[in-house]
Amino acid sequence: MAVPKKKTSPSRRGMRRSADALRQPSYVEDKDSGERRRPHHIDLKTGMYKGRSVLKPKTEA
(Lines give C-alpha, C1' and ligand atoms only; values in the text may rest on other atoms or scores of the structure.)
Protein backbone atom coordinates (compact mmCIF):
# COMPACT_ATOMS: atom_id res chain seq x y z
CA MET A 1 0.00 0.00 0.00
CA ALA A 2 1.29 3.46 -0.90
CA VAL A 3 2.09 5.64 2.08
CA PRO A 4 3.21 9.29 1.86
CA LYS A 5 6.81 9.81 2.93
CA LYS A 6 6.21 13.33 4.31
CA LYS A 7 3.19 15.12 5.75
CA THR A 8 1.49 17.50 3.32
CA SER A 9 1.51 21.00 4.76
CA PRO A 10 -1.77 22.91 5.02
CA SER A 11 -0.44 25.48 2.54
CA ARG A 12 0.37 22.86 -0.10
CA ARG A 13 -2.95 21.11 0.51
CA GLY A 14 -4.78 24.42 0.09
CA MET A 15 -2.94 25.20 -3.16
CA ARG A 16 -3.94 21.81 -4.54
CA ARG A 17 -7.58 22.37 -3.60
CA SER A 18 -7.73 25.90 -4.98
CA ALA A 19 -8.99 24.62 -8.34
CA ASP A 20 -12.07 23.17 -6.61
CA ALA A 21 -13.44 26.69 -6.14
CA LEU A 22 -13.67 27.60 -9.82
CA ARG A 23 -16.28 30.28 -10.52
CA GLN A 24 -18.45 31.06 -13.52
CA PRO A 25 -16.73 33.35 -16.04
CA SER A 26 -17.68 37.01 -15.74
CA TYR A 27 -19.16 38.99 -18.60
CA VAL A 28 -19.47 42.71 -19.27
CA GLU A 29 -21.82 44.60 -21.54
CA ASP A 30 -20.07 45.95 -24.64
CA LYS A 31 -20.23 49.75 -24.87
CA ASP A 32 -20.70 49.86 -28.64
CA SER A 33 -22.90 46.89 -29.49
CA GLY A 34 -24.54 46.32 -26.10
CA GLU A 35 -23.85 42.57 -26.26
CA ARG A 36 -22.19 40.59 -23.49
CA ARG A 37 -18.53 39.64 -23.84
CA ARG A 38 -15.63 38.52 -21.65
CA PRO A 39 -13.58 41.36 -20.14
CA HIS A 40 -10.16 41.91 -21.78
CA HIS A 41 -11.20 39.87 -24.84
CA ILE A 42 -11.73 40.87 -28.46
CA ASP A 43 -15.34 41.19 -29.62
CA LEU A 44 -15.37 38.67 -32.49
CA LYS A 45 -18.48 40.10 -34.16
CA THR A 46 -17.11 43.63 -34.52
CA GLY A 47 -13.37 42.92 -34.23
CA MET A 48 -12.92 45.74 -31.71
CA TYR A 49 -10.69 45.81 -28.63
CA LYS A 50 -10.32 48.88 -26.39
CA GLY A 51 -12.06 51.04 -28.98
CA ARG A 52 -9.71 50.02 -31.81
CA SER A 53 -10.36 47.75 -34.77
CA VAL A 54 -8.07 44.73 -34.31
CA LEU A 55 -9.69 42.12 -36.55
CA LYS A 56 -11.86 42.25 -39.63
CA PRO A 57 -15.53 41.98 -38.61
CA LYS A 58 -16.97 38.49 -38.85
CA THR A 59 -19.28 38.16 -41.86
CA GLU A 60 -22.41 36.05 -41.85
CA ALA A 61 -22.02 32.89 -43.95
# chains A, B, ... in the order shown; residues from 1 in each chain; ligands from 1
call {"tool": "select_by_dssp", "arguments": {"residues": "chain A", "states": "helix (DSSP H, G or I)", "output": "MDAnalysis selection string"}}
result
chainID A and resid 10:21
call {"tool": "residues_around", "arguments": {"residues": "Glu29 in chain A", "least_positions_apart": "5", "cutoff": "10 Å", "atoms": "only C-alpha atoms", "output": "MDAnalysis selection string"}}
result
chainID A and resid 34:39
call {"tool": "write_last_selection", "arguments": {"atoms": "N, CA, C and O atoms", "output": "PDB file, in the first residue's frame"}}
result
ATOM      1  N   GLY A  34     -23.594  46.652 -27.154  1.00  0.00           N
ATOM      2  CA  GLY A  34     -24.536  46.321 -26.097  1.00  0.00           C
ATOM      3  C   GLY A  34     -24.626  44.838 -25.795  1.00  0.00           C
ATOM      4  O   GLY A  34     -25.378  44.423 -24.931  1.00  0.00           O
ATOM      5  N   GLU A  35     -23.835  44.013 -26.490  1.00  0.00           N
ATOM      6  CA  GLU A  35     -23.847  42.573 -26.257  1.00  0.00           C
ATOM      7  C   GLU A  35     -22.871  42.233 -25.135  1.00  0.00           C
ATOM      8  O   GLU A  35     -21.976  42.994 -24.807  1.00  0.00           O
ATOM      9  N   ARG A  36     -23.071  41.039 -24.570  1.00  0.00           N
ATOM     10  CA  ARG A  36     -22.195  40.588 -23.488  1.00  0.00           C
ATOM     11  C   ARG A  36     -20.946  39.946 -24.066  1.00  0.00           C
ATOM     12  O   ARG A  36     -21.010  39.243 -25.066  1.00  0.00           O
ATOM     13  N   ARG A  37     -19.802  40.235 -23.430  1.00  0.00           N
ATOM     14  CA  ARG A  37     -18.532  39.640 -23.841  1.00  0.00           C
ATOM     15  C   ARG A  37     -17.654  39.495 -22.621  1.00  0.00           C
ATOM     16  O   ARG A  37     -17.911  40.078 -21.575  1.00  0.00           O
ATOM     17  N   ARG A  38     -16.586  38.696 -22.742  1.00  0.00           N
ATOM     18  CA  ARG A  38     -15.634  38.518 -21.648  1.00  0.00           C
ATOM     19  C   ARG A  38     -14.784  39.774 -21.518  1.00  0.00           C
ATOM     20  O   ARG A  38     -14.411  40.389 -22.514  1.00  0.00           O
ATOM     21  N   PRO A  39     -14.457  40.197 -20.290  1.00  0.00           N
ATOM     22  CA  PRO A  39     -13.576  41.357 -20.139  1.00  0.00           C
ATOM     23  C   PRO A  39     -12.167  41.037 -20.640  1.00  0.00           C
ATOM     24  O   PRO A  39     -11.705  39.909 -20.519  1.00  0.00           O
TER      25      PRO A  39
END
call {"tool": "residues_around", "arguments": {"residues": "Arg52 in chain A", "least_positions_apart": "3", "cutoff": "12 Å", "atoms": "only C-alpha atoms", "output": "list in words"}}
result
Asp32, Ile42, Asp43, Thr46, Gly47, Met48, Tyr49, Leu55 and Lys56 of chain A
call {"tool": "select_by_dssp", "arguments": {"residues": "chain A", "states": "strand (DSSP E or B)", "output": "ChimeraX atom specification"}}
result
/A:28-29,36-37,43,48-49,52-53
call {"tool": "write_last_selection", "arguments": {"atoms": "all heavy atoms", "output": "PDB file, in the first residue's frame"}}
result
ATOM      1  N   VAL A  28     -19.144  41.288 -19.332  1.00  0.00           N
ATOM      2  CA  VAL A  28     -19.466  42.709 -19.269  1.00  0.00           C
ATOM      3  C   VAL A  28     -20.281  43.067 -20.501  1.00  0.00           C
ATOM      4  O   VAL A  28     -20.227  42.382 -21.522  1.00  0.00           O
ATOM      5  CB  VAL A  28     -18.198  43.593 -19.210  1.00  0.00           C
ATOM      6  CG1 VAL A  28     -17.426  43.351 -17.938  1.00  0.00           C
ATOM      7  CG2 VAL A  28     -17.320  43.375 -20.417  1.00  0.00           C
ATOM      8  N   GLU A  29     -21.041  44.146 -20.395  1.00  0.00           N
ATOM      9  CA  GLU A  29     -21.822  44.603 -21.541  1.00  0.00           C
ATOM     10  C   GLU A  29     -20.938  45.482 -22.408  1.00  0.00           C
ATOM     11  O   GLU A  29     -20.290  46.412 -21.922  1.00  0.00           O
ATOM     12  CB  GLU A  29     -23.034  45.384 -21.047  1.00  0.00           C
ATOM     13  CG  GLU A  29     -24.005  45.708 -22.159  1.00  0.00           C
ATOM     14  CD  GLU A  29     -25.267  46.354 -21.631  1.00  0.00           C
ATOM     15  OE1 GLU A  29     -25.779  45.873 -20.608  1.00  0.00           O
ATOM     16  OE2 GLU A  29     -25.717  47.328 -22.242  1.00  0.00           O
ATOM     17  N   ARG A  36     -23.071  41.039 -24.570  1.00  0.00           N
ATOM     18  CA  ARG A  36     -22.195  40.588 -23.488  1.00  0.00           C
ATOM     19  C   ARG A  36     -20.946  39.946 -24.066  1.00  0.00           C
ATOM     20  O   ARG A  36     -21.010  39.243 -25.066  1.00  0.00           O
ATOM     21  CB  ARG A  36     -22.945  39.604 -22.610  1.00  0.00           C
ATOM     22  CG  ARG A  36     -24.087  40.260 -21.860  1.00  0.00           C
ATOM     23  CD  ARG A  36     -25.033  39.261 -21.279  1.00  0.00           C
ATOM     24  NE  ARG A  36     -24.410  38.256 -20.443  1.00  0.00           N
ATOM     25  CZ  ARG A  36     -24.267  38.334 -19.129  1.00  0.00           C
ATOM     26  NH1 ARG A  36     -24.729  39.375 -18.503  1.00  0.00           N
ATOM     27  NH2 ARG A  36     -23.700  37.372 -18.453  1.00  0.00           N
ATOM     28  N   ARG A  37     -19.802  40.235 -23.430  1.00  0.00           N
ATOM     29  CA  ARG A  37     -18.532  39.640 -23.841  1.00  0.00           C
ATOM     30  C   ARG A  37     -17.654  39.495 -22.621  1.00  0.00           C
ATOM     31  O   ARG A  37     -17.911  40.078 -21.575  1.00  0.00           O
ATOM     32  CB  ARG A  37     -17.845  40.483 -24.907  1.00  0.00           C
ATOM     33  CG  ARG A  37     -17.464  41.862 -24.430  1.00  0.00           C
ATOM     34  CD  ARG A  37     -16.565  42.576 -25.418  1.00  0.00           C
ATOM     35  NE  ARG A  37     -16.281  43.919 -24.966  1.00  0.00           N
ATOM     36  CZ  ARG A  37     -15.365  44.236 -24.064  1.00  0.00           C
ATOM     37  NH1 ARG A  37     -14.619  43.298 -23.523  1.00  0.00           N
ATOM     38  NH2 ARG A  37     -15.171  45.476 -23.687  1.00  0.00           N
ATOM     39  N   ASP A  43     -13.982  41.469 -29.185  1.00  0.00           N
ATOM     40  CA  ASP A  43     -15.345  41.188 -29.616  1.00  0.00           C
ATOM     41  C   ASP A  43     -15.257  40.621 -31.031  1.00  0.00           C
ATOM     42  O   ASP A  43     -14.882  41.321 -31.971  1.00  0.00           O
ATOM     43  CB  ASP A  43     -16.182  42.465 -29.598  1.00  0.00           C
ATOM     44  CG  ASP A  43     -17.636  42.208 -29.902  1.00  0.00           C
ATOM     45  OD1 ASP A  43     -18.051  41.033 -29.851  1.00  0.00           O
ATOM     46  OD2 ASP A  43     -18.358  43.184 -30.182  1.00  0.00           O
ATOM     47  N   MET A  48     -13.422  44.599 -32.461  1.00  0.00           N
ATOM     48  CA  MET A  48     -12.920  45.743 -31.712  1.00  0.00           C
ATOM     49  C   MET A  48     -12.318  45.285 -30.382  1.00  0.00           C
ATOM     50  O   MET A  48     -12.773  44.319 -29.780  1.00  0.00           O
ATOM     51  CB  MET A  48     -14.049  46.737 -31.429  1.00  0.00           C
ATOM     52  CG  MET A  48     -14.717  47.292 -32.652  1.00  0.00           C
ATOM     53  SD  MET A  48     -13.708  48.464 -33.527  1.00  0.00           S
ATOM     54  CE  MET A  48     -13.824  49.858 -32.452  1.00  0.00           C
ATOM     55  N   TYR A  49     -11.281  46.005 -29.943  1.00  0.00           N
ATOM     56  CA  TYR A  49     -10.694  45.807 -28.625  1.00  0.00           C
ATOM     57  C   TYR A  49     -10.200  47.156 -28.139  1.00  0.00           C
ATOM     58  O   TYR A  49      -9.414  47.820 -28.820  1.00  0.00           O
ATOM     59  CB  TYR A  49      -9.544  44.801 -28.676  1.00  0.00           C
ATOM     60  CG  TYR A  49      -8.905  44.566 -27.334  1.00  0.00           C
ATOM     61  CD1 TYR A  49      -9.579  43.863 -26.346  1.00  0.00           C
ATOM     62  CD2 TYR A  49      -7.650  45.054 -27.035  1.00  0.00           C
ATOM     63  CE1 TYR A  49      -9.015  43.652 -25.108  1.00  0.00           C
ATOM     64  CE2 TYR A  49      -7.072  44.847 -25.806  1.00  0.00           C
ATOM     65  CZ  TYR A  49      -7.761  44.140 -24.843  1.00  0.00           C
ATOM     66  OH  TYR A  49      -7.205  43.932 -23.603  1.00  0.00           O
ATOM     67  N   ARG A  52     -10.465  50.077 -30.558  1.00  0.00           N
ATOM     68  CA  ARG A  52      -9.714  50.025 -31.815  1.00  0.00           C
ATOM     69  C   ARG A  52     -10.138  48.799 -32.606  1.00  0.00           C
ATOM     70  O   ARG A  52     -10.503  47.777 -32.040  1.00  0.00           O
ATOM     71  CB  ARG A  52      -8.202  49.926 -31.551  1.00  0.00           C
ATOM     72  CG  ARG A  52      -7.642  51.102 -30.815  1.00  0.00           C
ATOM     73  CD  ARG A  52      -6.136  51.017 -30.670  1.00  0.00           C
ATOM     74  NE  ARG A  52      -5.747  49.870 -29.852  1.00  0.00           N
ATOM     75  CZ  ARG A  52      -4.815  48.970 -30.213  1.00  0.00           C
ATOM     76  NH1 ARG A  52      -4.185  49.087 -31.349  1.00  0.00           N
ATOM     77  NH2 ARG A  52      -4.511  47.987 -29.407  1.00  0.00           N
ATOM     78  N   SER A  53     -10.062  48.882 -33.913  1.00  0.00           N
ATOM     79  CA  SER A  53     -10.363  47.749 -34.767  1.00  0.00           C
ATOM     80  C   SER A  53      -9.123  46.868 -34.848  1.00  0.00           C
ATOM     81  O   SER A  53      -8.072  47.304 -35.330  1.00  0.00           O
ATOM     82  CB  SER A  53     -10.764  48.230 -36.158  1.00  0.00           C
ATOM     83  OG  SER A  53     -11.030  47.127 -36.981  1.00  0.00           O
TER      84      SER A  53
END
call {"tool": "atom_distance", "arguments": {"atom1": "CA of Ser26 in chain A", "atom2": "CA of Ser11 in chain A"}}
result
27.6 Å
call {"tool": "decode", "arguments": {"residues": "range 13-45 of chain A", "atoms": "N, CA and C atoms", "output": "PDB file, in the first residue's frame"}}
result
ATOM      1  N   ARG A  13      -1.633  21.720   0.672  1.00  0.00           N
ATOM      2  CA  ARG A  13      -2.946  21.109   0.514  1.00  0.00           C
ATOM      3  C   ARG A  13      -3.960  22.129  -0.005  1.00  0.00           C
ATOM      4  N   GLY A  14      -3.875  23.365   0.527  1.00  0.00           N
ATOM      5  CA  GLY A  14      -4.778  24.420   0.091  1.00  0.00           C
ATOM      6  C   GLY A  14      -4.530  24.819  -1.350  1.00  0.00           C
ATOM      7  N   MET A  15      -3.249  24.862  -1.773  1.00  0.00           N
ATOM      8  CA  MET A  15      -2.943  25.195  -3.160  1.00  0.00           C
ATOM      9  C   MET A  15      -3.478  24.139  -4.111  1.00  0.00           C
ATOM     10  N   ARG A  16      -3.421  22.882  -3.697  1.00  0.00           N
ATOM     11  CA  ARG A  16      -3.938  21.808  -4.536  1.00  0.00           C
ATOM     12  C   ARG A  16      -5.465  21.903  -4.665  1.00  0.00           C
ATOM     13  N   ARG A  17      -6.117  22.300  -3.594  1.00  0.00           N
ATOM     14  CA  ARG A  17      -7.580  22.366  -3.597  1.00  0.00           C
ATOM     15  C   ARG A  17      -8.123  23.679  -4.151  1.00  0.00           C
ATOM     16  N   SER A  18      -7.260  24.596  -4.518  1.00  0.00           N
ATOM     17  CA  SER A  18      -7.735  25.899  -4.979  1.00  0.00           C
ATOM     18  C   SER A  18      -8.528  25.790  -6.274  1.00  0.00           C
ATOM     19  N   ALA A  19      -8.264  24.783  -7.086  1.00  0.00           N
ATOM     20  CA  ALA A  19      -8.994  24.617  -8.344  1.00  0.00           C
ATOM     21  C   ALA A  19     -10.414  24.123  -8.108  1.00  0.00           C
ATOM     22  N   ASP A  20     -10.709  23.641  -6.895  1.00  0.00           N
ATOM     23  CA  ASP A  20     -12.066  23.175  -6.610  1.00  0.00           C
ATOM     24  C   ASP A  20     -13.056  24.328  -6.539  1.00  0.00           C
ATOM     25  N   ALA A  21     -12.574  25.530  -6.316  1.00  0.00           N
ATOM     26  CA  ALA A  21     -13.445  26.685  -6.139  1.00  0.00           C
ATOM     27  C   ALA A  21     -13.557  27.504  -7.413  1.00  0.00           C
ATOM     28  N   LEU A  22     -13.570  26.867  -8.571  1.00  0.00           N
ATOM     29  CA  LEU A  22     -13.674  27.602  -9.821  1.00  0.00           C
ATOM     30  C   LEU A  22     -15.035  28.272  -9.915  1.00  0.00           C
ATOM     31  N   ARG A  23     -15.047  29.502 -10.420  1.00  0.00           N
ATOM     32  CA  ARG A  23     -16.276  30.280 -10.524  1.00  0.00           C
ATOM     33  C   ARG A  23     -16.712  30.381 -11.985  1.00  0.00           C
ATOM     34  N   GLN A  24     -17.939  30.815 -12.175  1.00  0.00           N
ATOM     35  CA  GLN A  24     -18.451  31.057 -13.521  1.00  0.00           C
ATOM     36  C   GLN A  24     -17.692  32.239 -14.123  1.00  0.00           C
ATOM     37  N   PRO A  25     -17.420  32.212 -15.434  1.00  0.00           N
ATOM     38  CA  PRO A  25     -16.725  33.348 -16.043  1.00  0.00           C
ATOM     39  C   PRO A  25     -17.590  34.604 -15.993  1.00  0.00           C
ATOM     40  N   SER A  26     -16.943  35.749 -15.810  1.00  0.00           N
ATOM     41  CA  SER A  26     -17.675  37.007 -15.740  1.00  0.00           C
ATOM     42  C   SER A  26     -17.823  37.594 -17.133  1.00  0.00           C
ATOM     43  N   TYR A  27     -18.878  38.342 -17.323  1.00  0.00           N
ATOM     44  CA  TYR A  27     -19.158  38.990 -18.597  1.00  0.00           C
ATOM     45  C   TYR A  27     -19.459  40.454 -18.349  1.00  0.00           C
ATOM     46  N   VAL A  28     -19.144  41.288 -19.332  1.00  0.00           N
ATOM     47  CA  VAL A  28     -19.466  42.709 -19.269  1.00  0.00           C
ATOM     48  C   VAL A  28     -20.281  43.067 -20.501  1.00  0.00           C
ATOM     49  N   GLU A  29     -21.041  44.146 -20.395  1.00  0.00           N
ATOM     50  CA  GLU A  29     -21.822  44.603 -21.541  1.00  0.00           C
ATOM     51  C   GLU A  29     -20.938  45.482 -22.408  1.00  0.00           C
ATOM     52  N   ASP A  30     -20.897  45.190 -23.705  1.00  0.00           N
ATOM     53  CA  ASP A  30     -20.069  45.948 -24.636  1.00  0.00           C
ATOM     54  C   ASP A  30     -20.634  47.355 -24.788  1.00  0.00           C
ATOM     55  N   LYS A  31     -19.769  48.366 -24.782  1.00  0.00           N
ATOM     56  CA  LYS A  31     -20.227  49.753 -24.869  1.00  0.00           C
ATOM     57  C   LYS A  31     -20.820  50.074 -26.234  1.00  0.00           C
ATOM     58  N   ASP A  32     -20.239  49.525 -27.302  1.00  0.00           N
ATOM     59  CA  ASP A  32     -20.697  49.859 -28.645  1.00  0.00           C
ATOM     60  C   ASP A  32     -21.924  49.051 -29.064  1.00  0.00           C
ATOM     61  N   SER A  33     -21.823  47.732 -28.981  1.00  0.00           N
ATOM     62  CA  SER A  33     -22.903  46.888 -29.489  1.00  0.00           C
ATOM     63  C   SER A  33     -23.943  46.541 -28.433  1.00  0.00           C
ATOM     64  N   GLY A  34     -23.594  46.652 -27.154  1.00  0.00           N
ATOM     65  CA  GLY A  34     -24.536  46.321 -26.097  1.00  0.00           C
ATOM     66  C   GLY A  34     -24.626  44.838 -25.795  1.00  0.00           C
ATOM     67  N   GLU A  35     -23.835  44.013 -26.490  1.00  0.00           N
ATOM     68  CA  GLU A  35     -23.847  42.573 -26.257  1.00  0.00           C
ATOM     69  C   GLU A  35     -22.871  42.233 -25.135  1.00  0.00           C
ATOM     70  N   ARG A  36     -23.071  41.039 -24.570  1.00  0.00           N
ATOM     71  CA  ARG A  36     -22.195  40.588 -23.488  1.00  0.00           C
ATOM     72  C   ARG A  36     -20.946  39.946 -24.066  1.00  0.00           C
ATOM     73  N   ARG A  37     -19.802  40.235 -23.430  1.00  0.00           N
ATOM     74  CA  ARG A  37     -18.532  39.640 -23.841  1.00  0.00           C
ATOM     75  C   ARG A  37     -17.654  39.495 -22.621  1.00  0.00           C
ATOM     76  N   ARG A  38     -16.586  38.696 -22.742  1.00  0.00           N
ATOM     77  CA  ARG A  38     -15.634  38.518 -21.648  1.00  0.00           C
ATOM     78  C   ARG A  38     -14.784  39.774 -21.518  1.00  0.00           C
ATOM     79  N   PRO A  39     -14.457  40.197 -20.290  1.00  0.00           N
ATOM     80  CA  PRO A  39     -13.576  41.357 -20.139  1.00  0.00           C
ATOM     81  C   PRO A  39     -12.167  41.037 -20.640  1.00  0.00           C
ATOM     82  N   HIS A  40     -11.520  42.019 -21.225  1.00  0.00           N
ATOM     83  CA  HIS A  40     -10.161  41.913 -21.775  1.00  0.00           C
ATOM     84  C   HIS A  40     -10.094  40.924 -22.932  1.00  0.00           C
ATOM     85  N   HIS A  41     -11.179  40.738 -23.673  1.00  0.00           N
ATOM     86  CA  HIS A  41     -11.198  39.874 -24.842  1.00  0.00           C
ATOM     87  C   HIS A  41     -11.697  40.667 -26.051  1.00  0.00           C
ATOM     88  N   ILE A  42     -11.300  40.234 -27.226  1.00  0.00           N
ATOM     89  CA  ILE A  42     -11.732  40.868 -28.465  1.00  0.00           C
ATOM     90  C   ILE A  42     -13.182  40.496 -28.733  1.00  0.00           C
ATOM     91  N   ASP A  43     -13.982  41.469 -29.185  1.00  0.00           N
ATOM     92  CA  ASP A  43     -15.345  41.188 -29.616  1.00  0.00           C
ATOM     93  C   ASP A  43     -15.257  40.621 -31.031  1.00  0.00           C
ATOM     94  N   LEU A  44     -15.567  39.339 -31.202  1.00  0.00           N
ATOM     95  CA  LEU A  44     -15.369  38.674 -32.491  1.00  0.00           C
ATOM     96  C   LEU A  44     -16.347  39.151 -33.554  1.00  0.00           C
ATOM     97  N   LYS A  45     -17.512  39.647 -33.153  1.00  0.00           N
ATOM     98  CA  LYS A  45     -18.482  40.101 -34.161  1.00  0.00           C
ATOM     99  C   LYS A  45     -18.057  41.419 -34.787  1.00  0.00           C
TER     100      LYS A  45
END
